[in-house]
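Dumped upload39.cif below, it's mmCIF, C-alpha atoms and all ligand atoms:
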```
data_model
loop_
_atom_site.label_atom_id
_atom_site.label_comp_id
_atom_site.auth_asym_id
_atom_site.auth_seq_id
_atom_site.Cartn_x
_atom_site.Cartn_y
_atom_site.Cartn_z
CA MET A 1 -11.31 46.60 76.05
CA ASP A 2 -8.28 48.42 74.83
CA LYS A 3 -5.09 48.47 76.91
CA THR A 4 -1.97 50.55 76.20
CA VAL A 5 1.06 51.83 78.08
CA PHE A 6 0.19 55.45 78.94
CA ASP A 7 3.61 56.46 80.27
CA TYR A 8 6.39 55.46 82.67
CA LEU A 9 7.08 56.60 86.23
CA PRO A 10 10.57 58.06 86.83
CA ASP A 11 11.65 54.63 88.21
CA GLY A 12 10.68 52.95 84.92
CA THR A 13 7.37 51.43 86.11
CA ALA A 14 4.84 51.31 83.26
CA VAL A 15 1.50 53.06 83.80
CA GLU A 16 -1.24 51.33 81.85
CA GLN A 17 -4.30 52.93 80.35
CA TYR A 18 -7.55 50.96 79.93
CA THR A 19 -10.30 52.18 77.62
CA LEU A 20 -13.84 51.08 78.47
CA LYS A 21 -16.74 51.41 76.03
CA ASN A 22 -20.45 50.83 76.17
CA GLY A 23 -22.89 52.21 73.60
CA TYR A 24 -22.01 55.87 73.11
CA LEU A 25 -20.01 56.21 76.32
CA SER A 26 -16.29 55.66 76.67
CA CYS A 27 -13.70 56.36 79.34
CA GLU A 28 -9.98 55.95 79.98
CA ILE A 29 -8.58 54.85 83.34
CA LEU A 30 -4.93 54.77 84.43
CA THR A 31 -3.36 52.25 86.78
CA TYR A 32 -1.57 55.23 88.40
CA GLY A 33 -3.96 56.54 91.08
CA GLY A 34 -6.83 54.70 89.36
CA ILE A 35 -7.23 58.01 87.56
CA LEU A 36 -10.30 58.58 85.42
CA LYS A 37 -8.46 60.35 82.61
CA SER A 38 -11.35 60.92 80.22
CA LEU A 39 -15.09 60.37 80.04
CA ALA A 40 -16.78 60.97 76.70
CA VAL A 41 -20.55 61.35 76.51
CA PRO A 42 -22.76 62.61 73.65
CA ASP A 43 -23.98 66.21 73.72
CA ILE A 44 -27.43 67.33 72.53
CA ASN A 45 -26.25 67.10 68.89
CA GLY A 46 -24.69 63.68 69.34
CA ASN A 47 -21.11 65.02 69.38
CA MET A 48 -18.87 63.15 71.79
CA THR A 49 -17.69 65.48 74.55
CA ASP A 50 -14.92 64.70 77.04
CA ILE A 51 -16.24 66.08 80.33
CA VAL A 52 -13.39 65.38 82.77
CA LEU A 53 -10.10 67.22 83.20
CA GLY A 54 -6.89 65.26 82.68
CA PHE A 55 -3.32 65.31 81.42
CA ASP A 56 -1.33 63.67 78.64
CA SER A 57 1.68 62.49 80.67
CA ILE A 58 2.69 61.35 84.15
CA GLU A 59 5.03 64.32 84.34
CA THR A 60 2.11 66.75 83.96
CA TYR A 61 0.01 64.78 86.46
CA SER A 62 2.88 65.11 88.94
CA LYS A 63 3.11 68.89 88.40
CA GLN A 64 -0.30 69.66 89.91
CA ASP A 65 -1.77 69.17 93.35
CA GLY A 66 -5.45 68.94 92.45
CA TYR A 67 -5.84 65.13 92.71
CA ILE A 68 -7.23 65.33 89.18
CA GLY A 69 -9.45 62.32 88.41
CA ALA A 70 -7.82 60.13 91.06
CA LEU A 71 -9.10 57.59 93.55
CA ILE A 72 -8.62 59.01 97.04
CA GLY A 73 -7.81 57.15 100.26
CA ARG A 74 -7.36 56.12 102.98
CA TYR A 75 -9.38 59.11 104.13
CA ALA A 76 -10.80 61.47 101.53
CA ASN A 77 -10.95 65.16 102.52
CA ARG A 78 -9.36 66.69 105.61
CA ILE A 79 -8.54 65.41 109.08
CA GLY A 80 -7.98 68.36 111.41
CA ALA A 81 -4.41 68.62 112.75
CA GLY A 82 -3.83 65.19 111.16
CA ARG A 83 -4.84 63.48 114.42
CA PHE A 84 -7.58 61.18 115.52
CA GLU A 85 -8.32 58.80 118.34
CA LEU A 86 -9.35 55.20 117.80
CA ASN A 87 -9.88 52.66 120.59
CA GLY A 88 -8.22 55.05 123.05
CA LYS A 89 -5.06 55.51 121.01
CA ILE A 90 -4.02 58.73 119.23
CA TYR A 91 -2.84 58.38 115.63
CA GLU A 92 -0.76 61.07 113.93
CA LEU A 93 -1.04 61.35 110.17
CA TYR A 94 1.15 63.15 107.68
CA ASN A 95 0.08 66.79 107.35
CA ASN A 96 0.25 67.72 103.69
CA ASP A 97 -2.19 70.66 103.76
CA GLY A 98 -0.77 73.22 106.18
CA ASN A 99 -1.58 71.96 109.67
CA ASN A 100 -3.93 69.30 108.37
CA HIS A 101 -4.07 65.98 106.58
CA LEU A 102 -5.73 65.99 103.14
CA HIS A 103 -6.80 63.16 100.81
CA GLY A 104 -4.62 60.45 102.37
CA GLY A 105 -1.37 62.40 102.77
CA ALA A 106 1.76 62.93 100.69
CA ALA A 107 1.55 59.55 98.96
CA GLY A 108 -2.14 58.70 99.15
CA PHE A 109 -3.95 56.18 96.96
CA ASP A 110 -3.89 58.77 94.15
CA LYS A 111 -0.14 58.31 93.82
CA GLN A 112 0.01 54.50 93.95
CA ILE A 113 0.08 52.00 91.13
CA TRP A 114 -3.10 49.93 91.34
CA GLN A 115 -3.20 46.30 90.26
CA VAL A 116 -5.66 45.16 87.60
CA GLU A 117 -7.69 42.22 88.87
CA LYS A 118 -10.06 42.02 85.92
CA ALA A 119 -10.73 43.98 82.76
CA THR A 120 -13.56 43.59 80.25
CA ASP A 121 -14.95 45.86 77.51
CA ASN A 122 -16.94 47.88 80.02
CA MET A 123 -15.48 47.06 83.45
CA LEU A 124 -12.17 47.48 85.23
CA VAL A 125 -11.44 46.04 88.67
CA LEU A 126 -8.50 47.65 90.47
CA THR A 127 -6.93 46.57 93.76
CA LEU A 128 -4.50 48.17 96.16
CA PHE A 129 -2.81 47.00 99.35
CA SER A 130 -2.15 49.75 101.88
CA PRO A 131 0.22 48.53 104.63
CA ASP A 132 -0.18 49.19 108.35
CA GLY A 133 1.36 52.57 109.19
CA GLN A 134 1.20 54.02 105.66
CA GLU A 135 0.89 57.82 106.07
CA GLY A 136 0.25 57.09 109.78
CA TYR A 137 -2.93 55.00 109.40
CA PRO A 138 -3.35 51.85 111.49
CA ALA A 139 -3.97 48.36 109.99
CA ASN A 140 -3.30 46.64 106.71
CA LEU A 141 -6.06 47.59 104.29
CA SER A 142 -7.00 45.73 101.10
CA VAL A 143 -8.95 47.89 98.67
CA ARG A 144 -10.90 47.01 95.54
CA VAL A 145 -12.49 49.58 93.23
CA THR A 146 -14.63 48.64 90.23
CA TYR A 147 -15.36 51.04 87.40
CA THR A 148 -18.35 49.87 85.34
CA LEU A 149 -19.47 51.72 82.24
CA GLY A 150 -23.16 51.23 81.46
CA THR A 151 -24.89 52.57 78.36
CA ASP A 152 -25.80 55.78 80.19
CA ALA A 153 -23.80 55.75 83.43
CA LEU A 154 -20.42 55.26 85.05
CA THR A 155 -20.64 53.35 88.33
CA ILE A 156 -17.82 53.19 90.86
CA ASP A 157 -18.04 50.50 93.54
CA TYR A 158 -15.61 50.68 96.46
CA TYR A 159 -14.70 47.83 98.82
CA ALA A 160 -12.12 47.54 101.58
CA LYS A 161 -11.23 45.18 104.41
CA SER A 162 -8.70 45.60 107.20
CA ASP A 163 -6.95 43.23 109.61
CA ALA A 164 -7.38 45.61 112.57
CA ASP A 165 -9.63 48.58 113.36
CA THR A 166 -8.93 51.64 111.20
CA ILE A 167 -10.72 54.48 109.43
CA CYS A 168 -11.67 54.40 105.77
CA ASN A 169 -13.26 56.94 103.43
CA LEU A 170 -12.72 56.43 99.70
CA THR A 171 -13.82 58.60 96.80
CA ASN A 172 -13.02 59.71 93.28
CA HIS A 173 -11.72 63.20 92.57
CA ALA A 174 -12.78 63.75 88.94
CA TYR A 175 -13.19 67.37 87.88
CA PHE A 176 -16.19 67.71 85.59
CA ASN A 177 -17.03 70.39 83.08
CA LEU A 178 -20.20 69.38 81.27
CA SER A 179 -19.49 72.05 78.66
CA GLY A 180 -16.33 70.06 77.78
CA HIS A 181 -13.01 69.84 79.65
CA ASP A 182 -11.41 72.22 77.13
CA ASN A 183 -14.30 74.66 76.86
CA GLY A 184 -13.54 77.44 79.35
CA THR A 185 -14.58 77.37 82.98
CA ALA A 186 -17.35 75.25 84.47
CA GLU A 187 -18.94 78.36 85.97
CA ASP A 188 -21.74 78.07 83.41
CA ASN A 189 -22.69 74.62 84.79
CA PHE A 190 -25.84 74.46 86.92
CA ILE A 191 -25.61 72.47 90.16
CA GLN A 192 -28.34 70.89 92.26
CA ILE A 193 -27.73 69.07 95.57
CA ASN A 194 -30.33 67.00 97.40
CA ALA A 195 -29.46 68.22 100.89
CA ASP A 196 -31.21 70.24 103.58
CA PHE A 197 -27.99 70.49 105.61
CA TYR A 198 -24.27 71.00 105.10
CA THR A 199 -21.18 70.99 107.33
CA PRO A 200 -19.62 74.47 107.75
CA THR A 201 -15.83 74.80 107.93
CA ASP A 202 -13.28 77.08 109.60
CA LYS A 203 -10.63 79.14 107.80
CA GLU A 204 -8.48 76.03 107.29
CA SER A 205 -11.44 74.22 105.68
CA ILE A 206 -11.86 71.93 108.69
CA THR A 207 -15.44 71.07 109.59
CA THR A 208 -16.48 72.79 112.82
CA GLY A 209 -18.81 69.94 113.83
CA GLU A 210 -21.90 71.98 113.12
CA ILE A 211 -24.58 70.57 110.85
CA ALA A 212 -26.21 73.69 109.45
CA ALA A 213 -29.45 74.20 107.54
CA VAL A 214 -29.00 75.46 103.98
CA ASP A 215 -32.17 77.59 104.18
CA ASN A 216 -31.81 81.18 103.03
CA THR A 217 -28.12 80.82 102.17
CA PRO A 218 -26.22 80.30 98.89
CA MET A 219 -25.61 76.75 100.19
CA ASP A 220 -29.23 75.97 99.32
CA LEU A 221 -28.75 74.09 96.05
CA ARG A 222 -32.01 72.19 96.25
CA LYS A 223 -33.00 74.09 93.10
CA PRO A 224 -30.33 74.27 90.37
CA LEU A 225 -28.03 77.31 90.53
CA ARG A 226 -25.36 78.43 88.05
CA ILE A 227 -21.95 78.09 89.75
CA GLY A 228 -20.67 81.46 88.49
CA ASP A 229 -23.71 83.33 89.84
CA TYR A 230 -23.31 82.08 93.41
CA ALA A 231 -19.74 80.94 94.20
CA ASP A 232 -18.57 84.49 94.99
CA LYS A 233 -21.60 85.58 96.99
CA ASP A 234 -20.92 87.59 100.13
CA PHE A 235 -21.41 84.67 102.52
CA LEU A 236 -18.73 83.81 105.08
CA GLN A 237 -18.52 80.10 104.18
CA LEU A 238 -17.93 80.94 100.51
CA LYS A 239 -15.45 83.71 101.38
CA LEU A 240 -13.40 81.36 103.58
CA ALA A 241 -13.12 78.70 100.86
CA GLY A 242 -12.92 81.00 97.82
CA GLY A 243 -16.16 79.50 96.51
CA TYR A 244 -17.97 76.21 97.03
CA ASP A 245 -15.80 73.65 98.82
CA HIS A 246 -18.11 72.00 101.33
CA ASN A 247 -19.75 68.77 102.32
CA TRP A 248 -23.51 68.45 101.98
CA CYS A 249 -25.46 65.93 104.09
CA ILE A 250 -27.41 64.02 101.46
CA ASN A 251 -31.12 63.65 102.23
CA GLY A 252 -32.41 60.10 102.66
CA GLU A 253 -31.06 57.00 104.29
CA ASN A 254 -27.30 56.42 104.42
CA GLY A 255 -26.36 53.14 102.82
CA THR A 256 -29.15 53.29 100.23
CA LEU A 257 -28.45 54.42 96.67
CA ARG A 258 -30.24 57.74 96.33
CA PHE A 259 -30.10 60.96 94.33
CA ALA A 260 -27.31 63.18 95.65
CA ALA A 261 -26.64 65.88 93.07
CA SER A 262 -26.93 66.85 89.46
CA ALA A 263 -25.18 69.18 87.06
CA LYS A 264 -26.12 70.54 83.67
CA SER A 265 -24.52 72.54 80.88
CA GLU A 266 -26.86 74.65 78.79
CA ASP A 267 -24.11 74.83 76.19
CA THR A 268 -23.95 71.08 75.48
CA GLY A 269 -27.26 70.03 77.04
CA ILE A 270 -25.35 67.36 78.99
CA VAL A 271 -26.91 66.45 82.34
CA MET A 272 -25.13 64.36 84.99
CA LYS A 273 -27.12 62.90 87.88
CA THR A 274 -25.11 61.52 90.78
CA TYR A 275 -26.44 58.80 93.08
CA THR A 276 -24.62 57.39 96.07
CA THR A 277 -24.94 55.24 99.15
CA GLN A 278 -22.61 57.59 101.07
CA PRO A 279 -23.81 60.07 103.71
CA GLY A 280 -22.12 63.13 102.15
CA ILE A 281 -20.94 64.83 99.01
CA GLN A 282 -18.20 67.45 98.67
CA PHE A 283 -19.12 69.94 96.00
CA TYR A 284 -15.84 71.68 95.18
CA SER A 285 -16.06 74.39 92.52
CA GLY A 286 -12.39 74.14 91.53
CA ASN A 287 -11.45 77.40 93.27
CA TYR A 288 -7.79 76.45 93.67
CA ILE A 289 -7.07 75.37 90.11
CA GLN A 290 -4.15 77.62 89.32
CA ASP A 291 -0.73 77.33 87.69
CA PHE A 292 -1.70 73.94 86.31
CA PRO A 293 0.31 72.59 83.38
CA LYS A 294 -1.43 72.30 80.01
CA GLY A 295 -4.13 69.63 80.07
CA LYS A 296 -5.14 66.99 77.51
CA GLY A 297 -4.57 68.18 73.97
CA GLY A 298 -3.13 71.47 75.25
CA ALA A 299 -6.28 72.49 77.17
CA GLU A 300 -5.90 75.48 79.52
CA TYR A 301 -7.11 74.73 83.06
CA LYS A 302 -7.69 77.68 85.35
CA LYS A 303 -9.80 78.69 88.35
CA ARG A 304 -13.16 76.84 88.19
CA SER A 305 -12.35 74.94 84.98
CA GLY A 306 -14.00 71.96 86.64
CA PHE A 307 -16.04 71.00 89.68
CA CYS A 308 -15.94 67.85 91.83
CA PHE A 309 -18.75 65.76 93.30
CA GLU A 310 -16.80 63.73 95.89
CA THR A 311 -19.17 61.28 97.55
CA GLN A 312 -17.88 60.59 101.04
CA CYS A 313 -18.26 60.28 104.76
CA TYR A 314 -18.33 63.77 106.30
CA PRO A 315 -14.91 65.47 106.45
CA ASP A 316 -12.95 65.00 109.67
CA SER A 317 -15.60 62.63 111.00
CA PRO A 318 -13.03 60.76 113.19
CA ASN A 319 -12.97 63.96 115.30
CA HIS A 320 -16.74 64.58 115.40
CA SER A 321 -18.83 61.98 117.19
CA ASN A 322 -22.05 63.56 115.86
CA PHE A 323 -21.03 62.74 112.25
CA PRO A 324 -21.60 59.30 110.65
CA SER A 325 -18.69 57.07 111.64
CA ALA A 326 -15.82 56.28 109.26
CA VAL A 327 -14.45 53.53 111.50
CA LEU A 328 -13.83 50.22 109.75
CA LYS A 329 -13.66 47.36 112.22
CA ALA A 330 -11.25 44.47 111.70
CA GLY A 331 -12.68 41.93 109.27
CA GLU A 332 -15.77 44.01 108.40
CA VAL A 333 -16.42 45.05 104.80
CA TYR A 334 -16.36 48.70 103.77
CA SER A 335 -18.45 49.20 100.65
CA HIS A 336 -20.22 51.96 98.81
CA SER A 337 -21.37 52.80 95.33
CA THR A 338 -21.59 55.98 93.34
CA VAL A 339 -23.33 56.31 89.98
CA TYR A 340 -22.82 59.17 87.52
CA GLU A 341 -25.73 58.97 85.07
CA PHE A 342 -25.94 60.93 81.83
CA CYS A 343 -28.66 62.26 79.58
CA VAL A 344 -29.23 65.36 77.43
CA GLU A 345 -31.86 68.05 77.90
CA LYS A 346 -32.70 71.11 75.88
C1 LIG A 401 -10.89 69.89 98.57
C2 LIG A 401 -10.25 71.21 98.22
C3 LIG A 401 -8.88 70.94 97.68
C4 LIG A 401 -9.00 70.03 96.49
C5 LIG A 401 -7.69 69.67 95.87
C6 LIG A 401 -10.97 69.07 97.33
O1 LIG A 401 -11.53 67.84 97.62
O2 LIG A 401 -12.17 70.03 99.12
O3 LIG A 401 -10.20 72.04 99.35
O4 LIG A 401 -8.25 72.13 97.31
O5 LIG A 401 -9.65 68.85 96.86
O6 LIG A 401 -6.83 69.21 96.82
#
```
Could you render the structure as structure tokens?
Amino acid sequence: MDKTVFDYLPDGTAVEQYTLKNGYLSCEILTYGGILKSLAVPDINGNMTDIVLGFDSIETYSKQDGYIGALIGRYANRIGAGRFELNGKIYELYNNDGNNHLHGGAAGFDKQIWQVEKATDNMLVLTLFSPDGQEGYPANLSVRVTYTLGTDALTIDYYAKSDADTICNLTNHAYFNLSGHDNGTAEDNFIQINADFYTPTDKESITTGEIAAVDNTPMDLRKPLRIGDYADKDFLQLKLAGGYDHNWCINGENGTLRFAASAKSEDTGIVMKTYTTQPGIQFYSGNYIQDFPKGKGGAEYKKRSGFCFETQCYPDSPNHSNFPSAVLKAGEVYSHSTVYEFCVEK
């Protein structure tokens, strides 16, 4: 395991970068936001290809609002009007996305320095303490996230425990481009999602509470579709979000590790299969990537340069009793796993 100082925060705090390696795979992770800064996998010709978007300095990370590569909490995705009720009490969160709360607020887990509990050649264990009242959330929450690099997969295991009832929904916000992070847009990537249903949203991207069938709509990704051929289809849900930016209800039993989604680049032959124990996955086609500073090595990032597979509880579930619950009871353990597995195909 290789450890270096990546950069310094404006207050002088050092941000460390850990490099994990296993076989052909390697990745870099920052203690700031637990950011997955790079992930290199071999293409069909054996050339190492960095498939996640990232930046070369903390200053550039701070000049974008895309949550690039970061760990997200306490509640990934949106909470409508930044309000929810728990045990008969209303909680008001910080609204950082118009009228709504997004990805944990103004200073979510993506903007915190995580502590390193353990680091080996292929594993990094990060911890974070989120105090009662942070961004409006109730209860002290202790979080642990483990990145493990296998010979053909990156696994992220999430754990949390609170001292009082709260809500918890953690994810990672990596933007992938399987053609290479610096190789144009990801619109040429093919996406497949193992879901018969998805959760439609309103014009502010808040889930309406409906669980809709994907049949006969461009939301049917059960067979692989090229992002660029479908994201701008004349379908209200795509029009409202400027492309794909929705939660799919993954088929199979919540809590069991099962196939959620895959992506493929015909350019590099790289295939990524995503497995998770979570009930949902947000497939976001990077519609709002704009005015971003130059990325790693001077890469240009623009609309749809990358897509996200954010495994999660359904968005705004604290306000929809028909969605799987995101309540974490005092003393209970929150845990889930997501695996991004790689291979090449002609
Ligand atoms: C959301 C998008 C948002 C992006 C960056 C995604 O998870 O679904 O709507 O623009 O994060 O904040």
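CA of Tyr61 in chain A lies 25.6 Å from CA of Tyr159 in chain A.
Neighbouring residues of Gly306 in chain A at 8 Å or closer, counting all atoms listed in the file and skipping chain neighbours under 2 positions away, are Val52, Leu53, Tyr175, Phe176, Asn177, His181, Thr185, Ala186, Ser285, Gly286, Arg304 and Cys308 of chain A.
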Within-10 Å residues of ligand LIG 401 (chain A), basis all atoms listed in the file, as number ranges by chain:
A: 64-68, 72, 76-78, 96-97, 102-103, 171-175, 204-206, 241-247, 281-289, 307-310, 315
Could you give me the centre and size, in Å to one decimal, of an axis-aligned box around all listed atoms of range 270-276 of chain A with 5 Å added on every side, as JSON?
```
{"center_x": -25.9, "center_y": 62.4, "center_z": 87.5, "size_x": 12.5, "size_y": 20.0, "size_z": 27.1}
```
Proximity to Tyr8 in chain A - best of A:Ile58, A:Asn254, A:Ala263, A:Val41, only C-alpha atoms:
A:Ile58
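When only C-alpha atoms are used to compute distances to Asp110 in chain A, the closest of the residues A:Tyr91, A:Phe129, A:Tyr230, A:Tyr32 turns out to be A:Tyr32.
Distance check against Glu341 in chain A using only C-alpha atoms: of A:Asp165, A:Asp202, A:Asp291, A:Asp152, the minimum falls on A:Asp152.
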Residues within 9 Å of Phe323 in chain A, please, as a ChimeraX atom specification. Count all atoms listed in the file; anything in the same chain fewer than 6 positions from it doesn't count.
/A:209,211,313-317
Point-to-point distance from CA of Ala153 in chain A to CA of Asn122 in chain A, Å rounded to tenths:
11.0 Å
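The two atoms in question, CA of Tyr94 in chain A and CA of Lys161 in chain A, are spaced 22.1 Å apart.
If you measure from each of A:Asp56, A:Asp121, A:Asp43, A:Asp157 to Asp2 in chain A using all atoms listed in the file, the closest one turns out to be A:Asp121.
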Just the residues within 9 Å of Glu28 in chain A, please, counting all atoms listed in the file, with nothing from its chain fewer than 5 positions along; format it as a PyMOL selection string.
chain A and resi 17-20+35-39
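Compared by their closest atoms to Ile113 in chain A, and using all atoms listed in the file, the residues A:Leu178, A:Leu236, A:Val15, A:Ala139 rank with A:Val15 nearest.
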Top pick for closest residue to Asp232 in chain A, considering A:Gly297, A:Asp163, A:Ala213, A:Glu187 and counting only C-alpha atoms
A:Glu187
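Taking only C-alpha atoms, the non-local environment of Gly73 in chain A within 7 Å (same-chain residues fewer than 6 positions away omitted) comprises His103, Gly104, Gly108, Phe109, Asn169 and Leu170 of chain A.
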Resulting file, chosen residues, C-alpha atoms, as a PDB file, keeping the file's coordinate frame:
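What landed in out.pdb:
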```pdb
ATOM      1  CA  HIS A 103      -6.800  63.160 100.810  1.00  0.00           C
ATOM      2  CA  GLY A 104      -4.620  60.450 102.370  1.00  0.00           C
ATOM      3  CA  GLY A 108      -2.140  58.700  99.150  1.00  0.00           C
ATOM      4  CA  PHE A 109      -3.950  56.180  96.960  1.00  0.00           C
ATOM      5  CA  ASN A 169     -13.260  56.940 103.430  1.00  0.00           C
ATOM      6  CA  LEU A 170     -12.720  56.430  99.700  1.00  0.00           C
TER       7      LEU A 170
END
```
Quick one: residues within 12 Å of Leu9 in chain A, only C-alpha atoms counted, chain neighbours fewer than 3 positions away excluded, as a PyMOL selection string?
chain A and resi 5-6+12-16+31-32+57-62+111-113
Will you model all heavy atoms for range 109-117 of chain A and pass it back as a tab-separated table (two decimals), keeping the file's coordinate frame?
```
chain	number	residue	atom	x	y	z
A	109	PHE	N	-3.61	57.19	97.98
A	109	PHE	CA	-3.95	56.18	96.96
A	109	PHE	C	-3.88	56.76	95.55
A	109	PHE	O	-3.76	56.02	94.58
A	109	PHE	CB	-5.35	55.61	97.23
A	109	PHE	CG	-5.46	54.84	98.53
A	109	PHE	CD1	-6.67	54.28	98.92
A	109	PHE	CD2	-4.36	54.66	99.36
A	109	PHE	CE1	-6.78	53.57	100.10
A	109	PHE	CE2	-4.46	53.95	100.55
A	109	PHE	CZ	-5.68	53.40	100.91
A	110	ASP	N	-3.97	58.10	95.46
A	110	ASP	CA	-3.89	58.77	94.15
A	110	ASP	C	-2.50	58.68	93.53
A	110	ASP	O	-2.34	58.95	92.35
A	110	ASP	CB	-4.27	60.25	94.31
A	110	ASP	CG	-3.35	60.97	95.28
A	110	ASP	OD1	-3.36	60.62	96.48
A	110	ASP	OD2	-2.59	61.87	94.83
A	111	LYS	N	-1.50	58.36	94.34
A	111	LYS	CA	-0.14	58.31	93.82
A	111	LYS	C	0.43	56.89	93.79
A	111	LYS	O	1.63	56.69	93.62
A	111	LYS	CB	0.78	59.23	94.63
A	111	LYS	CG	0.38	60.69	94.46
A	111	LYS	CD	1.33	61.64	95.12
A	111	LYS	CE	0.85	63.07	94.92
A	111	LYS	NZ	-0.41	63.35	95.62
A	112	GLN	N	-0.44	55.90	93.96
A	112	GLN	CA	0.01	54.50	93.95
A	112	GLN	C	-0.34	53.85	92.62
A	112	GLN	O	-1.28	54.25	91.95
A	112	GLN	CB	-0.73	53.72	95.06
A	112	GLN	CG	-0.82	54.42	96.39
A	112	GLN	CD	0.43	54.26	97.23
A	112	GLN	OE1	1.18	53.30	97.04
A	112	GLN	NE2	0.68	55.19	98.12
A	113	ILE	N	0.44	52.82	92.29
A	113	ILE	CA	0.08	52.00	91.13
A	113	ILE	C	-0.90	50.93	91.61
A	113	ILE	O	-0.60	50.18	92.54
A	113	ILE	CB	1.33	51.32	90.51
A	113	ILE	CG1	2.23	52.37	89.85
A	113	ILE	CG2	0.93	50.22	89.53
A	113	ILE	CD1	1.78	52.83	88.47
A	114	TRP	N	-2.08	50.92	91.00
A	114	TRP	CA	-3.10	49.93	91.34
A	114	TRP	C	-2.92	48.70	90.46
A	114	TRP	O	-2.46	48.80	89.31
A	114	TRP	CB	-4.50	50.54	91.11
A	114	TRP	CG	-4.86	51.62	92.09
A	114	TRP	CD1	-4.22	52.83	92.26
A	114	TRP	CD2	-5.92	51.61	93.04
A	114	TRP	NE1	-4.84	53.56	93.25
A	114	TRP	CE2	-5.89	52.84	93.75
A	114	TRP	CE3	-6.92	50.68	93.37
A	114	TRP	CZ2	-6.80	53.15	94.77
A	114	TRP	CZ3	-7.84	51.00	94.37
A	114	TRP	CH2	-7.76	52.21	95.07
A	115	GLN	N	-3.28	47.55	91.02
A	115	GLN	CA	-3.20	46.30	90.26
A	115	GLN	C	-4.53	46.06	89.53
A	115	GLN	O	-5.59	46.42	90.04
A	115	GLN	CB	-2.94	45.10	91.20
A	115	GLN	CG	-1.69	45.23	92.05
A	115	GLN	CD	-0.44	45.45	91.20
A	115	GLN	OE1	-0.20	44.73	90.25
A	115	GLN	NE2	0.34	46.49	91.55
A	116	VAL	N	-4.43	45.47	88.35
A	116	VAL	CA	-5.66	45.16	87.60
A	116	VAL	C	-6.05	43.72	87.91
A	116	VAL	O	-5.31	42.79	87.61
A	116	VAL	CB	-5.45	45.36	86.09
A	116	VAL	CG1	-6.68	44.89	85.31
A	116	VAL	CG2	-5.16	46.83	85.80
A	117	GLU	N	-7.22	43.57	88.54
A	117	GLU	CA	-7.69	42.22	88.87
A	117	GLU	C	-8.48	41.63	87.72
A	117	GLU	O	-8.41	40.43	87.44
A	117	GLU	CB	-8.55	42.28	90.13
A	117	GLU	CG	-8.93	40.92	90.67
A	117	GLU	CD	-9.78	41.05	91.92
A	117	GLU	OE1	-9.21	41.25	93.01
A	117	GLU	OE2	-11.02	40.96	91.79
```
